[in-house]
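Heads up, protein.txt below (compact mmCIF, C-alpha atoms and all ligand atoms):
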# COMPACT_ATOMS: atom_id res chain seq x y z
CA MET A 1 83.90 83.62 95.01
CA GLN A 2 86.20 80.55 94.80
CA ASN A 3 84.50 77.21 95.49
CA ILE A 4 85.82 76.25 98.91
CA TYR A 5 85.41 72.69 100.12
CA ASN A 6 85.48 72.67 103.90
CA PHE A 7 86.46 69.29 105.40
CA SER A 8 86.41 70.40 109.02
CA ALA A 9 84.79 68.17 111.61
CA GLY A 10 82.18 70.59 112.82
CA PRO A 11 80.89 73.22 112.49
CA ALA A 12 81.09 71.92 108.98
CA MET A 13 80.20 72.47 105.36
CA LEU A 14 76.49 72.98 104.66
CA PRO A 15 74.64 72.63 101.35
CA LYS A 16 74.90 75.92 99.46
CA VAL A 17 71.19 75.88 98.53
CA VAL A 18 70.19 75.64 102.18
CA LEU A 19 72.41 78.59 103.07
CA GLN A 20 70.93 80.53 100.18
CA GLN A 21 67.40 79.80 101.31
CA ALA A 22 68.27 81.01 104.80
CA GLN A 23 69.79 84.12 103.24
CA GLU A 24 66.66 84.82 101.18
CA GLU A 25 64.47 84.43 104.26
CA LEU A 26 66.82 86.16 106.68
CA CYS A 27 65.12 89.55 106.98
CA ASP A 28 61.59 88.58 106.03
CA TRP A 29 60.33 85.10 106.77
CA HIS A 30 57.40 84.26 104.49
CA GLY A 31 56.11 87.82 104.30
CA THR A 32 55.95 88.35 108.05
CA GLY A 33 58.31 91.32 107.73
CA MET A 34 60.46 89.73 110.40
CA SER A 35 63.45 87.44 110.69
CA VAL A 36 63.02 84.08 112.41
CA MET A 37 65.67 85.43 114.81
CA GLU A 38 63.24 88.12 115.92
CA MET A 39 60.22 85.89 116.48
CA SER A 40 58.99 84.87 119.86
CA HIS A 41 59.39 81.14 120.42
CA ARG A 42 55.70 81.16 121.38
CA ASP A 43 54.61 83.00 118.24
CA LYS A 44 52.30 81.05 115.93
CA ASP A 45 54.75 81.35 113.03
CA PHE A 46 57.59 79.90 115.06
CA THR A 47 55.24 77.23 116.39
CA ALA A 48 54.55 76.27 112.77
CA ILE A 49 58.30 76.10 112.07
CA ARG A 50 59.03 73.85 115.03
CA GLU A 51 56.08 71.57 114.41
CA LYS A 52 57.06 71.14 110.78
CA THR A 53 60.68 70.43 111.75
CA GLU A 54 59.62 67.71 114.16
CA HIS A 55 57.22 66.27 111.62
CA THR A 56 59.90 66.07 108.91
CA LEU A 57 62.42 64.48 111.27
CA ARG A 58 59.84 61.89 112.34
CA GLU A 59 59.09 61.19 108.70
CA LEU A 60 62.73 60.92 107.59
CA LEU A 61 63.74 58.59 110.41
CA ALA A 62 60.37 56.83 110.78
CA ILE A 63 60.18 57.75 114.47
CA PRO A 64 57.20 56.04 116.13
CA LYS A 65 54.69 57.93 118.29
CA HIS A 66 55.93 56.54 121.59
CA TYR A 67 59.24 58.32 121.09
CA HIS A 68 59.61 61.96 122.10
CA VAL A 69 61.67 64.28 119.94
CA LEU A 70 63.35 67.10 121.86
CA PHE A 71 65.23 70.14 120.58
CA LEU A 72 67.58 71.23 123.34
CA SER A 73 70.49 73.53 123.95
CA GLY A 74 73.74 72.64 125.70
CA GLY A 75 75.26 70.58 122.88
CA ALA A 76 75.89 66.86 122.82
CA THR A 77 78.18 67.34 125.80
CA SER A 78 75.18 68.09 128.03
CA GLN A 79 73.73 64.75 126.98
CA PHE A 80 76.74 63.00 128.50
CA ALA A 81 75.21 64.04 131.84
CA MET A 82 71.51 64.12 130.96
CA VAL A 83 71.51 60.49 129.86
CA PRO A 84 72.53 59.08 133.26
CA MET A 85 70.54 61.73 135.16
CA ASN A 86 67.32 60.74 133.42
CA LEU A 87 67.72 57.07 132.54
CA LEU A 88 69.18 55.55 135.69
CA GLY A 89 65.96 55.52 137.72
CA ASN A 90 66.52 53.09 140.63
CA LYS A 91 69.50 51.45 139.00
CA LYS A 92 73.08 52.18 139.88
CA LYS A 93 74.97 50.82 136.90
CA ALA A 94 75.27 51.60 133.22
CA ALA A 95 77.17 49.76 130.48
CA TYR A 96 79.51 51.70 128.20
CA ILE A 97 81.67 50.93 125.18
CA HIS A 98 84.93 52.81 125.14
CA SER A 99 85.50 53.35 121.44
CA GLY A 100 87.35 56.67 121.45
CA GLN A 101 87.50 60.16 122.86
CA TRP A 102 83.80 60.98 122.70
CA SER A 103 82.72 57.83 124.50
CA LYS A 104 85.47 58.46 127.04
CA LYS A 105 84.06 61.91 127.79
CA ALA A 106 80.57 60.45 128.10
CA MET A 107 81.82 57.79 130.51
CA GLU A 108 83.68 60.28 132.66
CA GLU A 109 80.54 62.38 132.98
CA ALA A 110 78.34 59.36 133.70
CA ALA A 111 80.73 58.23 136.43
CA ARG A 112 79.48 61.17 138.54
CA TYR A 113 76.06 59.53 138.72
CA ALA A 114 76.52 55.81 138.14
CA ALA A 115 78.91 52.90 138.32
CA VAL A 116 80.19 52.76 134.75
CA ASP A 117 80.83 49.24 133.46
CA VAL A 118 83.17 49.41 130.49
CA LEU A 119 82.19 46.28 128.60
CA ALA A 120 84.59 46.63 125.67
CA GLN A 121 87.17 48.99 124.30
CA VAL A 122 89.01 50.01 121.19
CA GLU A 123 92.23 48.12 120.44
CA GLN A 124 95.39 48.97 118.60
CA ARG A 125 97.27 46.19 116.78
CA ASN A 126 100.35 46.92 114.65
CA GLY A 127 99.46 50.61 114.56
CA ILE A 128 95.92 49.93 113.27
CA HIS A 129 92.86 50.73 115.39
CA HIS A 130 90.08 48.17 115.73
CA LEU A 131 86.67 48.61 117.30
CA PRO A 132 85.67 45.91 119.78
CA ASN A 133 82.96 43.39 118.96
CA ILE A 134 79.93 44.73 120.84
CA ASN A 135 77.75 41.68 120.50
CA ASP A 136 77.49 39.01 123.19
CA LEU A 137 78.69 41.30 125.96
CA PRO A 138 77.64 40.69 129.58
CA VAL A 139 74.76 43.19 129.63
CA THR A 140 72.41 42.46 132.53
CA ASP A 141 69.21 43.84 134.03
CA GLU A 142 71.40 45.66 136.54
CA HIS A 143 72.42 48.03 133.76
CA ALA A 144 70.06 50.97 133.32
CA TYR A 145 71.18 51.31 129.70
CA PHE A 146 73.88 50.33 127.20
CA TYR A 147 75.74 53.30 125.74
CA TYR A 148 77.86 53.52 122.62
CA THR A 149 79.09 56.19 120.21
CA ASP A 150 77.90 55.33 116.71
CA ASN A 151 80.66 57.32 115.02
CA GLU A 152 83.84 58.43 116.76
CA THR A 153 84.44 61.74 115.00
CA ILE A 154 88.06 62.18 116.09
CA SER A 155 89.49 58.75 115.28
CA GLY A 156 87.16 58.12 112.32
CA MET A 157 85.75 54.81 113.54
CA GLN A 158 82.14 53.73 113.14
CA PHE A 159 80.03 50.78 114.24
CA HIS A 160 78.27 49.29 111.22
CA TYR A 161 75.86 47.07 113.15
CA LEU A 162 73.63 47.27 116.20
CA PRO A 163 74.39 45.25 119.32
CA GLN A 164 71.78 42.96 120.89
CA THR A 165 71.10 44.30 124.36
CA GLY A 166 67.92 42.43 125.31
CA ASN A 167 65.65 44.57 127.46
CA VAL A 168 68.40 47.01 128.33
CA PRO A 169 67.80 50.28 126.43
CA LEU A 170 70.38 51.09 123.80
CA VAL A 171 71.66 54.68 123.88
CA SER A 172 73.63 56.11 120.99
CA ASP A 173 75.56 59.32 120.46
CA MET A 174 74.94 60.02 116.76
CA THR A 175 76.31 63.55 116.71
CA SER A 176 78.42 62.93 113.63
CA SER A 177 76.31 60.28 111.90
CA ILE A 178 72.61 61.10 112.28
CA LEU A 179 70.75 61.20 108.94
CA SER A 180 73.62 59.42 107.19
CA LYS A 181 71.74 56.08 107.22
CA PRO A 182 68.26 54.74 107.92
CA LEU A 183 67.71 53.75 111.56
CA ASP A 184 65.54 51.09 113.12
CA ILE A 185 64.43 53.47 115.86
CA GLU A 186 62.62 50.78 117.86
CA ARG A 187 65.98 49.14 118.56
CA TYR A 188 67.03 52.22 120.55
CA GLY A 189 66.00 53.70 123.87
CA LEU A 190 67.61 57.05 123.14
CA ILE A 191 69.55 58.73 120.35
CA TYR A 192 71.02 62.19 120.45
CA ALA A 193 72.96 64.46 118.12
CA SER A 194 74.05 68.07 118.21
CA ALA A 195 73.48 69.92 114.98
CA GLN A 196 76.76 71.31 113.74
CA LYS A 197 77.70 68.40 111.46
CA ASN A 198 74.74 66.86 109.65
CA LEU A 199 71.84 68.88 111.03
CA GLY A 200 72.79 72.47 110.39
CA HIS A 201 74.64 74.89 112.60
CA ALA A 202 75.64 74.78 116.26
CA GLY A 203 73.09 75.57 118.94
CA VAL A 204 70.43 72.88 118.90
CA THR A 205 70.69 69.24 119.96
CA VAL A 206 68.15 66.64 118.95
CA VAL A 207 67.17 63.95 121.46
CA ILE A 208 64.93 61.05 120.43
CA VAL A 209 63.81 59.10 123.48
CA ARG A 210 61.33 56.26 124.04
CA ASP A 211 58.73 57.34 126.59
CA ASP A 212 59.34 54.51 129.10
CA CYS A 213 63.09 55.24 129.24
CA VAL A 214 62.58 58.60 130.95
CA LYS A 215 62.76 57.87 134.68
CA PRO A 216 62.09 60.04 137.74
CA VAL A 217 65.17 62.11 138.54
CA GLN A 218 66.96 62.99 141.77
CA GLU A 219 65.55 65.95 143.67
CA TYR A 220 68.69 68.01 143.05
CA THR A 221 68.63 67.58 139.24
CA PRO A 222 68.56 71.07 137.68
CA THR A 223 65.34 71.86 135.85
CA MET A 224 67.05 72.25 132.48
CA PHE A 225 68.60 68.79 132.84
CA ARG A 226 65.25 67.00 133.17
CA TYR A 227 63.92 65.42 129.98
CA GLN A 228 60.40 65.42 131.45
CA ILE A 229 60.38 69.22 131.66
CA HIS A 230 61.28 69.47 127.98
CA ILE A 231 58.73 66.82 127.05
CA ASP A 232 55.97 68.62 128.96
CA ASN A 233 56.88 71.97 127.37
CA GLN A 234 57.51 70.92 123.74
CA SER A 235 61.17 71.92 124.21
CA CYS A 236 60.08 75.49 124.98
CA TYR A 237 60.44 75.56 128.76
CA ASN A 238 62.96 78.35 128.32
CA THR A 239 63.89 80.26 125.15
CA PRO A 240 65.19 77.56 122.79
CA PRO A 241 67.87 78.13 120.13
CA THR A 242 65.21 79.29 117.67
CA TYR A 243 67.35 80.05 114.64
CA ALA A 244 69.30 76.77 114.84
CA TRP A 245 65.97 74.96 115.14
CA TYR A 246 64.63 76.74 112.05
CA PHE A 247 67.83 76.04 110.12
CA LEU A 248 67.60 72.37 111.08
CA GLY A 249 64.16 72.40 109.47
CA LEU A 250 65.68 73.70 106.23
CA MET A 251 68.32 70.95 106.32
CA LEU A 252 65.66 68.31 106.83
CA ASP A 253 63.64 69.63 103.87
CA TRP A 254 66.79 69.44 101.79
CA VAL A 255 67.48 65.82 102.85
CA LYS A 256 63.91 64.99 101.93
CA GLN A 257 64.29 66.62 98.51
CA GLN A 258 67.46 64.59 97.91
CA GLY A 259 65.44 61.41 98.44
CA GLY A 260 65.78 60.83 102.18
CA VAL A 261 68.22 59.01 104.42
CA SER A 262 68.75 55.97 102.15
CA VAL A 263 70.03 58.31 99.46
CA MET A 264 72.20 60.07 102.06
CA GLN A 265 73.62 56.67 103.01
CA GLN A 266 74.52 55.82 99.40
CA GLN A 267 76.13 59.22 98.96
CA CYS A 268 78.15 58.97 102.19
CA GLN A 269 79.39 55.51 101.23
CA GLN A 270 80.21 56.56 97.70
CA LYS A 271 82.07 59.69 98.78
CA THR A 272 84.23 57.99 101.41
CA LYS A 273 84.87 54.95 99.18
CA ARG A 274 86.71 57.20 96.74
CA LEU A 275 89.00 58.41 99.48
CA TYR A 276 89.59 55.01 101.13
CA GLU A 277 90.48 53.51 97.73
CA LEU A 278 93.13 56.15 97.31
CA LEU A 279 94.51 55.55 100.82
CA ASP A 280 94.64 51.79 100.27
CA ASN A 281 96.18 51.94 96.81
CA HIS A 282 98.86 54.52 97.44
CA ASP A 283 101.97 53.91 99.56
CA PHE A 284 102.20 57.64 100.07
CA TYR A 285 99.10 57.66 102.34
CA GLN A 286 97.89 55.44 105.17
CA SER A 287 94.62 54.92 107.00
CA PRO A 288 95.14 54.08 110.68
CA ILE A 289 91.75 52.32 110.90
CA ALA A 290 90.89 48.65 110.26
CA PRO A 291 88.78 48.47 107.05
CA ALA A 292 85.71 47.00 108.79
CA ASP A 293 85.59 49.84 111.31
CA ARG A 294 86.09 52.83 109.03
CA SER A 295 83.73 55.76 109.27
CA HIS A 296 81.57 56.95 106.39
CA LEU A 297 81.79 60.49 107.77
CA ASN A 298 85.31 61.16 109.07
CA VAL A 299 88.38 59.87 107.26
CA PRO A 300 91.70 60.29 109.10
CA PHE A 301 94.91 59.62 107.22
CA THR A 302 98.65 60.10 107.50
CA LEU A 303 101.45 60.77 105.05
CA ALA A 304 104.31 58.30 104.67
CA LYS A 305 106.57 61.35 104.98
CA PRO A 306 105.13 63.31 107.94
CA VAL A 307 107.58 66.13 107.26
CA LEU A 308 105.40 67.04 104.26
CA GLU A 309 102.24 67.62 106.33
CA GLY A 310 102.66 71.39 106.45
CA ALA A 311 103.17 71.60 102.67
CA PHE A 312 100.20 69.27 102.09
CA LEU A 313 97.87 71.43 104.16
CA GLU A 314 99.12 74.68 102.65
CA GLN A 315 98.84 73.49 99.05
CA ALA A 316 95.43 71.96 99.75
CA LYS A 317 94.29 75.30 101.10
CA GLN A 318 95.51 77.08 97.99
CA ALA A 319 93.45 74.61 95.95
CA GLY A 320 90.34 75.49 97.99
CA LEU A 321 90.43 72.36 100.18
CA VAL A 322 90.35 73.50 103.82
CA GLY A 323 89.83 72.07 107.30
CA LEU A 324 91.99 68.99 106.71
CA THR A 325 94.15 69.20 109.83
CA GLY A 326 93.70 66.14 112.06
CA HIS A 327 92.34 66.61 115.58
CA ARG A 328 94.96 68.21 117.83
CA SER A 329 95.08 65.07 119.99
CA VAL A 330 95.92 62.63 117.17
CA GLY A 331 97.69 64.72 114.52
CA GLY A 332 97.86 63.74 110.85
CA MET A 333 95.00 64.67 108.55
CA ARG A 334 91.26 64.17 108.65
CA ALA A 335 88.65 64.75 105.97
CA SER A 336 85.17 65.11 107.45
CA ILE A 337 82.60 64.40 104.80
CA TYR A 338 79.15 65.20 106.13
CA LEU A 339 75.89 65.47 104.21
CA GLY A 340 76.70 69.00 103.04
CA MET A 341 79.96 67.99 101.31
CA PRO A 342 79.24 67.52 97.60
CA GLU A 343 80.78 64.62 95.71
CA ALA A 344 82.72 67.17 93.63
CA GLY A 345 84.58 68.22 96.79
CA VAL A 346 85.77 64.69 97.50
CA LYS A 347 86.70 64.20 93.86
CA LYS A 348 88.78 67.35 93.98
CA LEU A 349 90.46 66.23 97.21
CA VAL A 350 91.33 62.83 95.73
CA GLU A 351 92.80 64.45 92.61
CA PHE A 352 94.79 66.85 94.73
CA MET A 353 96.13 63.98 96.84
CA GLN A 354 97.12 61.97 93.76
CA ASN A 355 99.02 64.93 92.33
CA PHE A 356 100.65 65.75 95.64
CA ALA A 357 101.87 62.16 96.00
CA GLU A 358 103.16 62.13 92.43
CA LYS A 359 105.14 65.35 92.93
CA ASN A 360 106.62 64.29 96.26
CA LYS A 361 107.34 60.57 95.90
C1 LIG B 401 80.51 62.07 118.54
C2 LIG B 401 80.49 63.38 119.26
N1 LIG B 401 79.86 63.46 120.45
C3 LIG B 401 79.80 64.61 121.13
C4 LIG B 401 80.37 65.77 120.66
C5 LIG B 401 80.27 67.04 121.44
O1 LIG B 401 79.36 67.86 120.83
P1 LIG B 401 79.04 69.37 121.35
O2 LIG B 401 80.23 70.18 120.99
O3 LIG B 401 77.81 69.73 120.62
O4 LIG B 401 78.83 69.30 122.83
C6 LIG B 401 81.01 65.74 119.41
C7 LIG B 401 81.62 66.97 118.85
O5 LIG B 401 82.32 66.97 117.87
C8 LIG B 401 81.07 64.52 118.70
O6 LIG B 401 81.68 64.44 117.52
If you convert what's in this file into structure tokens, what do you get?
Amino acid sequence: MQNIYNFSAGPAMLPKVVLQQAQEELCDWHGTGMSVMEMSHRDKDFTAIREKTEHTLRELLAIPKHYHVLFLSGGATSQFAMVPMNLLGNKKKAAYIHSGQWSKKAMEEAARYAAVDVLAQVEQRNGIHHLPNINDLPVTDEHAYFYYTDNETISGMQFHYLPQTGNVPLVSDMTSSILSKPLDIERYGLIYASAQKNLGHAGVTVVIVRDDCVKPVQEYTPTMFRYQIHIDNQSCYNTPPTYAWYFLGLMLDWVKQQGGVSVMQQQCQQKTKRLYELLDNHDFYQSPIAPADRSHLNVPFTLAKPVLEGAFLEQAKQAGLVGLTGHRSVGGMRASIYLGMPEAGVKKLVEFMQNFAEKNK
């Protein structure tokens, strides 16, 4: 089998050893004679799996006891609604940062339940995108929470600092960046991430929420959209996405074996640095993002001769480098480099890009 490096934005490349472990355990988990897929979510073996998964996540991210960890279905998109439904309480307003397409979707959803105050937004100057400064914004006690997207997966922009929001809980969508850096959890009210980038495969969404942030909900709020129900039932109110939850546990064990989130951070920085250096030192390629705001997970780029895009993608594919097409809304190219992408994959991509530029200059 050819070594394929998959740069797609999610579902995305996973560590081969984790896939192999899942394969070995697929039909017979630890001598039970059964696949995890076949186990009841209330079975003692599955209970052991979910408890271990939560324990490892708490350990890796140093999550304190007064934070709940939930394993939900519905993807990150459901969180766009669940956050306002459960955090507004008596308040009517929430503060949002409009940094790209994912925050925009979150704001549109929140606007069904709250007055959305857009405190800052992304800017474009001379064709280069800049994130806004999110410190010293007019956040007030009228805001139920302050929401931002840590890493905008489509545009490839990432906040590299945490805003000061006083007593107003900070909420962060970390779908494409969780586990790629250590977090000071106590600075957040709520963090969420769906799994299909850094946490495994699609199906499960992790929510980490401080206990006092969960407020009483409106009478009409559907049961499945209430955090309290999931807290009271250890995320097993209904049948949870059991296999995705198990696979997440394997990913977490792997991260731990690699040395934890600080090591992941070094690797993510190292991998993307290689690519950004190429983009900055070669007239053939451009990055549309201001250096200070560049993502360590998603690297969009364009070719000086856009007419060559088709040839670039085709030849990359032949070289085993796939998933490089930019998001349909922005065009160009994008290399998504999550935890499961080995350094060798990025090295190969950079070499391919150097050769392609040389041949086509
Ligand atoms: C930052 C971000 N938020 C939210 C989503 C939506 O996630 P889901 O498809 O799990 O609903 C994505 C998906 O790519 C994302 O990148």
Return the single residue from A:Pro132, A:Leu26, A:Tyr147, A:His201 that is closest to Met107 (chain A), with distances computed using only C-alpha atoms.
A:Tyr147
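Shortest atom-to-atom contact with Lys361 (chain A) among A:Ser103, A:Leu308, A:Met333, A:Val209: A:Leu308, counting all atoms listed in the file.
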Kindly provide, as a ChimeraX atom specification, the polymer residues lying within 12 Å of (63.5, 78.2, 107.3), counting all atoms listed in the file and using the coordinates exactly as they appear in the file.
/A:17-30,35-37,45-46,48-50,52-53,200,242-254
Please find the residues contacting ligand LIG 401 (chain B) at a distance of at most 6 Å between atoms, with all atoms listed in the file counted, and report them as an mmCIF file with C-alpha atoms, in the coordinates of the input.
data_model
loop_
_atom_site.group_PDB
_atom_site.id
_atom_site.type_symbol
_atom_site.label_atom_id
_atom_site.label_comp_id
_atom_site.auth_asym_id
_atom_site.auth_seq_id
_atom_site.Cartn_x
_atom_site.Cartn_y
_atom_site.Cartn_z
ATOM 1 C CA GLY A 75 75.260 70.580 122.880
ATOM 2 C CA ALA A 76 75.890 66.860 122.820
ATOM 3 C CA THR A 77 78.180 67.340 125.800
ATOM 4 C CA TRP A 102 83.800 60.980 122.700
ATOM 5 C CA ASN A 151 80.660 57.320 115.020
ATOM 6 C CA GLU A 152 83.840 58.430 116.760
ATOM 7 C CA THR A 153 84.440 61.740 115.000
ATOM 8 C CA ASP A 173 75.560 59.320 120.460
ATOM 9 C CA THR A 175 76.310 63.550 116.710
ATOM 10 C CA SER A 176 78.420 62.930 113.630
ATOM 11 C CA SER A 194 74.050 68.070 118.210
#
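Remark: for Ser235 (chain A), the closest of the candidate residues A:Val346, A:Ala95, A:Leu190, A:Leu72 is A:Leu72 (distances computed over only C-alpha atoms).
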Closest of A:Pro222, A:Gly189, A:Gly156, A:Gly340 to Ile208 (chain A) - atom-to-atom distances counting only C-alpha atoms
A:Gly189
Using only C-alpha atoms and a cutoff of 12 Å, can you tell me which residues are near (91.0, 67.4, 115.1) in the file's coordinates, and write them out as number ranges by chain?
A: 7-11, 101, 152-156, 298-301, 323-336
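Of the listed residues (A:Gln354, A:Thr149, A:Gln266, A:Thr223), A:Gln354 comes nearest to Phe284 (chain A); the distances count only C-alpha atoms.
Distances from A:Pro241, A:Ala357, A:Asp293, A:Ser287 to Val206 (chain A) were compared using only C-alpha atoms, and the smallest one belongs to A:Pro241.
The spacing separating CA of Thr239 (chain A) from CA of Gly74 (chain A) amounts to 12.5 Å.
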Could you get me a file of region 334-349 of chain A with N, CA and C atoms, as a compact mmCIF listing (two decimals), in the first residue's frame, taken from the block above?
# COMPACT_ATOMS: atom_id res chain seq x y z
N ARG A 334 -5.34 24.21 0.53
CA ARG A 334 -5.24 24.22 1.99
C ARG A 334 -4.65 22.90 2.44
N ALA A 335 -3.64 22.99 3.28
CA ALA A 335 -3.06 21.78 3.87
C ALA A 335 -3.47 21.75 5.33
N SER A 336 -4.29 20.78 5.71
CA SER A 336 -4.68 20.65 7.12
C SER A 336 -3.74 19.65 7.76
N ILE A 337 -3.14 20.09 8.85
CA ILE A 337 -2.05 19.32 9.45
C ILE A 337 -2.40 19.07 10.91
N TYR A 338 -3.24 18.06 11.12
CA TYR A 338 -3.68 17.78 12.48
C TYR A 338 -2.69 16.85 13.17
N LEU A 339 -3.05 16.40 14.37
CA LEU A 339 -2.12 15.61 15.17
C LEU A 339 -1.68 14.34 14.43
N GLY A 340 -2.59 13.77 13.65
CA GLY A 340 -2.30 12.50 12.98
C GLY A 340 -1.41 12.62 11.75
N MET A 341 -1.08 13.83 11.33
CA MET A 341 -0.21 14.01 10.15
C MET A 341 1.25 13.93 10.61
N PRO A 342 1.98 12.91 10.14
CA PRO A 342 3.38 12.83 10.56
C PRO A 342 4.24 13.91 9.91
N GLU A 343 5.34 14.22 10.55
CA GLU A 343 6.26 15.23 10.01
C GLU A 343 6.71 14.85 8.59
N ALA A 344 6.86 13.53 8.36
CA ALA A 344 7.32 13.07 7.04
C ALA A 344 6.34 13.51 5.94
N GLY A 345 5.05 13.60 6.27
CA GLY A 345 4.05 14.01 5.29
C GLY A 345 4.26 15.46 4.89
N VAL A 346 4.54 16.30 5.87
CA VAL A 346 4.74 17.73 5.59
C VAL A 346 6.04 17.92 4.81
N LYS A 347 7.04 17.14 5.20
CA LYS A 347 8.33 17.22 4.49
C LYS A 347 8.14 16.86 3.01
N LYS A 348 7.37 15.83 2.81
CA LYS A 348 7.12 15.39 1.43
C LYS A 348 6.35 16.46 0.65
N LEU A 349 5.38 17.07 1.31
CA LEU A 349 4.60 18.13 0.66
C LEU A 349 5.51 19.30 0.28
